[in-house]
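Asker: Below is a structure I'd like to ask you about.
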Amino acid sequence: MASTPYDSLDVKLAAHGLIARGGFHPTSEDGLPGSPGSLVLVGNAGPAMWVAFDAARHAYAHGPNPLDAWIVDVLGNVAETFGAAALFPFDGPPYLPFQRWARRTEPVHSSPLGMLIHPEFGLWHGYRGALAFAERLELSLPDTQSAPCESCVDRPCLSACPVDAFTDDGYDVPVCVDHITSADSGDCMARGCAARRACPVGRKYAYEPAQAGFHMRAFASAQSAS
Ligand code: B12
Ligand code: SF4
Ligand code: SF4
């Protein structure tokens, strides 16, 4: 994608199961602190990040958000190596607009679930941080690929939720949380959101139960505490 540091950045990130998910040259409208010349998004797809985190997690077992704490360390070190500043999607509120940035870096599109869908990874990917570089790196434009949801006639994601939490008005978080912390008839806590699992795109990247369950427990306990 880019000139100087980008290839070695890929290698450094891959050691932790992470991927450089493209970058762009921010303007004052992109909601970034400072005015960096380039922003590179860092994320995960499929289980690779989970494998790396799982091997290191004993060191993070006692904090409230072990995955976030691990990412802060990993990406903080990478940022230092490359002379960049690390930004994180969980710092907030107010939160940094990672999904808006992602649309500038990759062929991702809105899905009816609120998550961005990727033509290859489907719904099985996320954004873990971003690296802000002072300099203007040479970056390529994202591929243009059509939105998988446009040709998905049956939209199985919208009928898979046992409590119809995805409504015309958006995602009904309390209804979802009430259900997954009680009857949980969709087995969402152990296997991940049933609506997400119903999507046919990118199934080979689907999170294993250990990873899916970890994210769901973190989500449910954060919501129950708020
Ligand atoms: C607050 C938040 C939530 C809230 C509220 C979501 C909402 N209704 O808006 C809660 C706690 C409910 C939530 C839940 C989840 N979230 Co969330 N969340 C965020 C967070 C931290 C901030 C969003 C925000 O306010 N941005 C600020 C505005 C200004 O930025 P924006 O990009 O312009 O905003 C966009 C989003 O708000 C989005 N949006 C609107 N409605 C919904 C609904 C859902 C479910 C999601 C995921 C997004 C979404 O549309 C906006 C315009 O593009 C982001 C990280 C981030 N910094 O973006 C993750 C993020 C959006 N969440 C994410 C995910 C994966 C989830 C979960 C699926 C986690 C899980 N369990 O695995 C769950 C959904 C529960 C389920 N059924 O499984 C991912 C989405 C990845 C992707 N492929 O797009 C993000 C980007 C975090 C990440 N690490 O990648 N989330
Ligand atoms: S099931 Fe169809 S509509 Fe739903 S997210 Fe997947 S591709 Fe999009
Ligand atoms: S986690 Fe389960 S209850 Fe919540 S939105 Fe997904 S399918 Fe519905």
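Here, A, B, ... name the chains of the structure tokens in the order displayed, residue numbers run from 1 inside each chain, and ligands are numbered from 1 in the same displayed order.
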For ligand 1, collect every residue having any atom at a distance of at most 6 Å from a ligand atom (counting only C-alpha atoms and all ligand atoms); output as a PyMOL selection string.

Answerer: chain A and resi 89-90+95-100+113-117+123+125-128+171+173+193+215-216+219

Asker: Could you dump the residues just selected with C-alpha atoms as a compact mmCIF listing (two decimals), in the first residue's frame?

Answerer:
# COMPACT_ATOMS: atom_id res chain seq x y z
CA PRO A 89 -11.85 2.95 19.73
CA PHE A 90 -12.73 2.38 23.39
CA TYR A 95 -15.70 8.05 21.08
CA LEU A 96 -13.54 8.54 18.05
CA PRO A 97 -15.47 7.83 14.84
CA PHE A 98 -13.69 4.62 13.88
CA GLN A 99 -16.50 3.36 11.67
CA ARG A 100 -16.55 6.61 9.72
CA LEU A 113 -26.99 -4.69 12.32
CA GLY A 114 -25.00 -1.46 12.65
CA MET A 115 -21.69 -3.26 12.22
CA LEU A 116 -19.75 -2.62 9.03
CA ILE A 117 -19.69 -5.54 6.64
CA LEU A 123 -19.15 -9.25 10.05
CA HIS A 125 -13.77 -8.17 11.98
CA GLY A 126 -13.18 -5.17 14.21
CA TYR A 127 -11.08 -2.08 14.71
CA ARG A 128 -8.59 -2.15 17.56
CA TYR A 171 -30.42 -1.61 17.80
CA VAL A 173 -29.64 -2.58 23.47
CA CYS A 193 -24.80 -12.78 18.53
CA HIS A 215 -16.72 -10.43 23.56
CA MET A 216 -20.30 -11.15 24.56
CA PHE A 219 -20.46 -6.49 26.33

Asker: Counting only C-alpha atoms and all ligand atoms, what are the residues, protein, DNA or RNA alike, that approach ligand 2 to within 7 Å? I want them as a PyMOL selection string.

Answerer: chain A and resi 111-113+117+148-149+152+154-158+198-201

Asker: Please, could you write that set of residues out with C-alpha atoms as a PDB file, in the first residue's frame?

Answerer:
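In the end it all went to selection_37.pdb:
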ATOM      1  CA  SER A 111     -25.149  -3.624   7.507  1.00  0.00           C
ATOM      2  CA  PRO A 112     -28.655  -3.762   8.993  1.00  0.00           C
ATOM      3  CA  LEU A 113     -26.995  -4.686  12.320  1.00  0.00           C
ATOM      4  CA  ILE A 117     -19.693  -5.542   6.637  1.00  0.00           C
ATOM      5  CA  PRO A 148     -22.882  -7.649   0.144  1.00  0.00           C
ATOM      6  CA  CYS A 149     -26.162  -6.595   1.801  1.00  0.00           C
ATOM      7  CA  CYS A 152     -28.752 -10.377   0.048  1.00  0.00           C
ATOM      8  CA  ASP A 154     -33.414 -12.966   2.426  1.00  0.00           C
ATOM      9  CA  ARG A 155     -31.475 -10.901   5.004  1.00  0.00           C
ATOM     10  CA  PRO A 156     -31.266 -13.779   7.497  1.00  0.00           C
ATOM     11  CA  CYS A 157     -29.526 -11.494  10.023  1.00  0.00           C
ATOM     12  CA  LEU A 158     -32.806  -9.655  10.553  1.00  0.00           C
ATOM     13  CA  ALA A 198     -26.797 -15.878  10.544  1.00  0.00           C
ATOM     14  CA  CYS A 199     -24.965 -13.807   7.928  1.00  0.00           C
ATOM     15  CA  PRO A 200     -23.623 -15.975   5.080  1.00  0.00           C
ATOM     16  CA  VAL A 201     -20.740 -13.635   4.196  1.00  0.00           C
TER      17      VAL A 201
END

Asker: From the DSSP assignment of the backbone, select every residue of region 35-211 of chain A that is alpha helix (DSSP H), and format the answer as a PyMOL selection string.

Answerer: chain A and resi 48-56+66-82+98-105+173-180+188-191+194-198+209-211

Asker: Identify which of the residues A:Ala59, A:Ala132, A:Leu67, A:Ala52 lies closest to Ser35 (chain A), counting only C-alpha atoms when measuring atom-to-atom distances.

Answerer: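 Closest to Ser35 (chain A) of all the choices is A:Ala132.
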
Asker: Near Leu141 (chain A), within 12 Å and counting only C-alpha atoms, which residues show up once chain neighbours fewer than 4 positions away are dropped, as a compact mmCIF listing (two decimals) with N, CA and C atoms, in the first residue's frame?

Answerer:
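Generated file (part_12.txt):
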# COMPACT_ATOMS: atom_id res chain seq x y z
N MET A 1 0.81 -1.20 0.00
CA MET A 1 0.00 0.00 0.00
C MET A 1 0.85 1.26 0.00
N ALA A 2 1.91 1.28 0.81
CA ALA A 2 2.56 2.58 0.95
C ALA A 2 4.06 2.48 0.74
N ARG A 21 -5.38 -1.90 8.29
CA ARG A 21 -6.61 -1.98 7.49
C ARG A 21 -6.76 -0.81 6.55
N GLY A 22 -5.61 -0.24 6.16
CA GLY A 22 -5.64 0.87 5.22
C GLY A 22 -5.55 2.19 5.95
N GLY A 23 -5.31 3.23 5.17
CA GLY A 23 -5.15 4.54 5.79
C GLY A 23 -5.63 5.64 4.88
N PHE A 24 -5.61 6.84 5.41
CA PHE A 24 -6.02 8.00 4.61
C PHE A 24 -5.35 9.26 5.17
N HIS A 25 -5.48 10.33 4.42
CA HIS A 25 -4.90 11.62 4.85
C HIS A 25 -6.03 12.44 5.46
N ARG A 103 -14.65 3.55 6.63
CA ARG A 103 -15.22 3.68 5.29
C ARG A 103 -14.27 4.38 4.33
N ARG A 104 -13.32 5.13 4.88
CA ARG A 104 -12.36 5.83 4.03
C ARG A 104 -11.17 4.95 3.69
N THR A 105 -11.05 3.81 4.36
CA THR A 105 -9.84 3.00 4.17
C THR A 105 -10.09 1.65 3.50
N GLU A 106 -11.33 1.19 3.53
CA GLU A 106 -11.59 -0.18 3.07
C GLU A 106 -12.96 -0.25 2.41
N PRO A 107 -13.23 -1.29 1.63
CA PRO A 107 -14.57 -1.43 1.02
C PRO A 107 -15.58 -1.98 2.02

Asker: So that each row is one residue of chain A with an atom at most 12 Å from ligand 3, can you give its shortest atom pair and the distance in Å to one decimal, using only C-alpha atoms and all ligand atoms, rows by chain and rising number, as a tab-separated table?

Answerer:
residue	atom	partner	partner_atom_place_in_ligand_line	distance
A:Pro112	CA	ligand 3	5 (S)	11.4
A:Leu113	CA	ligand 3	5 (S)	8.3
A:Gly114	CA	ligand 3	5 (S)	10.7
A:Met115	CA	ligand 3	5 (S)	11.6
A:Pro156	CA	ligand 3	7 (S)	11.3
A:Cys157	CA	ligand 3	7 (S)	8.5
A:Leu158	CA	ligand 3	7 (S)	9.1
A:Ser159	CA	ligand 3	7 (S)	9.0
A:Ala160	CA	ligand 3	7 (S)	6.2
A:Cys161	CA	ligand 3	7 (S)	3.7
A:Pro162	CA	ligand 3	8 (Fe)	5.8
A:Val163	CA	ligand 3	8 (Fe)	5.8
A:Asp164	CA	ligand 3	8 (Fe)	6.3
A:Ala165	CA	ligand 3	5 (S)	5.1
A:Phe166	CA	ligand 3	5 (S)	6.6
A:Thr167	CA	ligand 3	5 (S)	10.1
A:Gly170	CA	ligand 3	5 (S)	10.8
A:Tyr171	CA	ligand 3	5 (S)	7.4
A:Asp172	CA	ligand 3	5 (S)	7.7
A:Val173	CA	ligand 3	4 (Fe)	7.4
A:Pro174	CA	ligand 3	4 (Fe)	9.0
A:Val175	CA	ligand 3	3 (S)	7.3
A:Cys176	CA	ligand 3	4 (Fe)	3.9
A:Val177	CA	ligand 3	4 (Fe)	6.3
A:Asp178	CA	ligand 3	3 (S)	8.1
A:His179	CA	ligand 3	3 (S)	5.6
A:Ile180	CA	ligand 3	3 (S)	5.6
A:Thr181	CA	ligand 3	3 (S)	9.2
A:Ser182	CA	ligand 3	3 (S)	10.1
A:Ala183	CA	ligand 3	3 (S)	9.7
A:Asp184	CA	ligand 3	3 (S)	7.0
A:Ser185	CA	ligand 3	2 (Fe)	8.2
A:Gly186	CA	ligand 3	2 (Fe)	5.9
A:Asp187	CA	ligand 3	2 (Fe)	7.3
A:Cys188	CA	ligand 3	2 (Fe)	4.8
A:Met189	CA	ligand 3	1 (S)	7.2
A:Ala190	CA	ligand 3	1 (S)	10.1
A:Arg191	CA	ligand 3	1 (S)	9.4
A:Gly192	CA	ligand 3	1 (S)	6.5
A:Cys193	CA	ligand 3	1 (S)	3.7
A:Ala194	CA	ligand 3	7 (S)	4.0
A:Ala195	CA	ligand 3	7 (S)	4.6
A:Arg196	CA	ligand 3	6 (Fe)	6.8
A:Arg197	CA	ligand 3	7 (S)	8.4
A:Ala198	CA	ligand 3	7 (S)	9.1
A:Cys199	CA	ligand 3	7 (S)	11.5
A:Ala212	CA	ligand 3	1 (S)	10.5
A:Gly213	CA	ligand 3	1 (S)	10.5
A:His215	CA	ligand 3	1 (S)	10.5
A:Met216	CA	ligand 3	1 (S)	7.5
A:Arg217	CA	ligand 3	1 (S)	10.4
A:Phe219	CA	ligand 3	1 (S)	9.5
A:Ala220	CA	ligand 3	1 (S)	9.2
A:Gln223	CA	ligand 3	4 (Fe)	11.9

Asker: Chain A: which residues are strand (DSSP E) by DSSP, as a PyMOL selection string?

Answerer: chain A and resi 19-24+38-45+85-87+109-110+116-117+125-133+166-167+170-171

Asker: Have a look at CA of Ser110 (chain A) and CA of Ser146 (chain A) and let me know their distance in Å, one decimal.

Answerer: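 For CA of Ser110 (chain A) relative to CA of Ser146 (chain A), the distance reads 11.3 Å.
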
Asker: Distance table requested - region 68-156 of chain A against region 10-15 of chain A, cut-off 9 Å, only C-alpha atoms: one row per qualifying residue with the closest atom pair and its distance in Å to one decimal, ordered by chain and rising residue number, as JSON lines.

Answerer:
{"residue": "A:Val74", "atom": "CA", "partner": "A:Leu13", "partner_atom": "CA", "distance": 8.6}
{"residue": "A:Leu75", "atom": "CA", "partner": "A:Leu13", "partner_atom": "CA", "distance": 8.3}
{"residue": "A:Val78", "atom": "CA", "partner": "A:Lys12", "partner_atom": "CA", "distance": 7.2}

Asker: Counting only C-alpha atoms, which residue out of A:Ala69, A:His109, A:Glu120, A:Gly34 sits closest to Glu150 (chain A)?

Answerer: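 Ranking A:Ala69, A:His109, A:Glu120, A:Gly34 by distance to Glu150 (chain A), first place goes to A:His109.
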
Asker: What gap, in Å, lies between CA of His58 (chain A) and CA of Gly17 (chain A)?

Answerer: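 Taking CA of His58 (chain A) as the start and CA of Gly17 (chain A) as the end point, the length is 17.3 Å.
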
Asker: Show me, as a PyMOL selection string, the residues that have an atom within 9 Å of Ala85 (chain A) when counting only C-alpha atoms, minus same-chain residues fewer than 2 positions from it.

Answerer: chain A and resi 76+79-80+82-83+87+130-134
